[in-house]
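Data block below; observations after.
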Amino acid sequence: MEKNLQKLLERLLKFRDERDWARFQTPKNLALSITLEAAELLEHFQWTTDDEPLAKDKVEAMSEEVADILIYVLLMADRLGIDPVEAAFDKIEKNASRYPAELVRGKSKKYTQY
C-alpha cells in the first residue's frame, strides 16, 4: 500500500482500537456506511444544474463527506485484506481491456454494448 495511505490506515486503526469500535465495523456495517456517506455527498448536488458553480462552503462540506467515504473504504479494505491501491490498479487494467480507447473514445456506453 502507498506510504501515505498506510500511515492513514494506521492512524484510523489506532483511533478505532482506542475506542473499541472494531467489533462494530463488520463488512456489512462498513458497506452500509460507505453508501450512506456517498448519499450525503450526493445530497450537495440535489436541485443543482450541471453548469452551476459550487460555492466554497459547499466544497468544504463535501470534503468532509469525501473523507468519511475514504475512511470507511480503507477500514473495509483492511477488514477484507484488500490492498486498495493494488485493487485500483488491477481494476484500471481490467477496464482498459473492456474499454479500448480506440473503440470507446468520446462514448459513455457500458462495455457490453460495444
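We name chains A, B, ... following the order of the C-alpha cells; residues begin at 1 in each chain, and ligands are numbered from 1 as shown.
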Could you go through region 35-102 of chain A and tell me which residues DSSP, when run on the backbone, assigns to helix (DSSP H, G or I), listing them as a count of residues only? 51
Which neighbours of Tyr114 (chain A) fall inside 12 Å, counting only C-alpha atoms, when residues of the same chain fewer than 5 positions from it are skipped, and could you give them as a list of chain:residue names?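 The residues satisfying every condition are A:Arg98, A:Tyr99, A:Pro100, A:Glu102, A:Leu103, A:Val104, A:Arg105, A:Lys107, A:Ser108, A:Lys109.
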I'd like the contact shell of Asp68 (chain A) - 9 Å cut-off, only C-alpha atoms, skipping same-chain residues fewer than 2 positions apart - returned as a PyMOL selection string. chain A and resi 33-34+37-38+63-66+70-73
For each of A:Leu9, A:Ile69, A:Ile82, A:Asp20, take the minimum atom-to-atom distance to Leu36 (chain A), counting only C-alpha atoms, then give the residue where this is smallest.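 Looking at the shortest contact to Leu36 (chain A), the residue is A:Ile69.
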With only C-alpha atoms as the atoms that count, which of A:Arg79, A:Glu40, A:Ala67, A:Leu74 lies nearest to Arg23 (chain A)?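 Closest to Arg23 (chain A), using only C-alpha atoms: A:Arg79.
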Two-atom distance - CA of Asn29 (chain A), CA of Phe45 (chain A) (Å): 25.2 Å
In Å, rounded to a single decimal, give me how far CA of Asp90 (chain A) is from CA of Arg11 (chain A).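 Going from CA of Arg11 (chain A) over to CA of Asp90 (chain A) covers 25.8 Å.
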For Pro27 (chain A): contacts at 10 Å, only C-alpha atoms, fewer than 4 positions along chain excluded, given as a list in words: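 Final neighbour list, sorted by chain and number: Ala31, Leu32, Ser33, Tyr72, Leu75, Met76, Ala77, Asp78, Arg79 and Leu80 of chain A.
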Could you turn the residues from that selection into a file that holds N, CA and C atoms, as a compact mmCIF listing (two decimals), in the first residue's frame?
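Contents of the output file again-v7.txt:
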```
# COMPACT_ATOMS: atom_id res chain seq x y z
N ALA A 31 -19.97 -1.40 4.61
CA ALA A 31 -20.59 -1.20 3.30
C ALA A 31 -21.77 -0.24 3.41
N LEU A 32 -22.58 -0.42 4.44
CA LEU A 32 -23.71 0.49 4.67
C LEU A 32 -23.21 1.91 4.90
N SER A 33 -22.16 2.05 5.69
CA SER A 33 -21.63 3.38 5.99
C SER A 33 -21.07 4.06 4.74
N TYR A 72 -14.07 4.94 5.51
CA TYR A 72 -14.80 3.66 5.53
C TYR A 72 -14.28 2.68 4.48
N LEU A 75 -11.11 1.19 5.95
CA LEU A 75 -11.44 0.23 7.00
C LEU A 75 -12.00 -1.07 6.42
N MET A 76 -12.82 -0.94 5.37
CA MET A 76 -13.37 -2.13 4.69
C MET A 76 -12.25 -2.93 4.05
N ALA A 77 -11.36 -2.25 3.35
CA ALA A 77 -10.25 -2.94 2.69
C ALA A 77 -9.40 -3.67 3.73
N ASP A 78 -9.12 -3.01 4.84
CA ASP A 78 -8.33 -3.65 5.89
C ASP A 78 -9.05 -4.89 6.43
N ARG A 79 -10.33 -4.76 6.68
CA ARG A 79 -11.12 -5.86 7.23
C ARG A 79 -11.11 -7.07 6.30
N LEU A 80 -11.13 -6.80 4.98
CA LEU A 80 -11.19 -7.89 3.99
C LEU A 80 -9.82 -8.31 3.47
```
Top pick for closest residue to Lys110 (chain A), considering A:Asp83, A:Asn95, A:Lys3, A:Leu54 and counting only C-alpha atoms: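 Selected residue with least distance to Lys110 (chain A): A:Asn95.
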Do you have the CA of Gly106 (chain A)-CA of Ala87 (chain A) distance handy?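 Computing it gives 25.7 Å between the two atoms.
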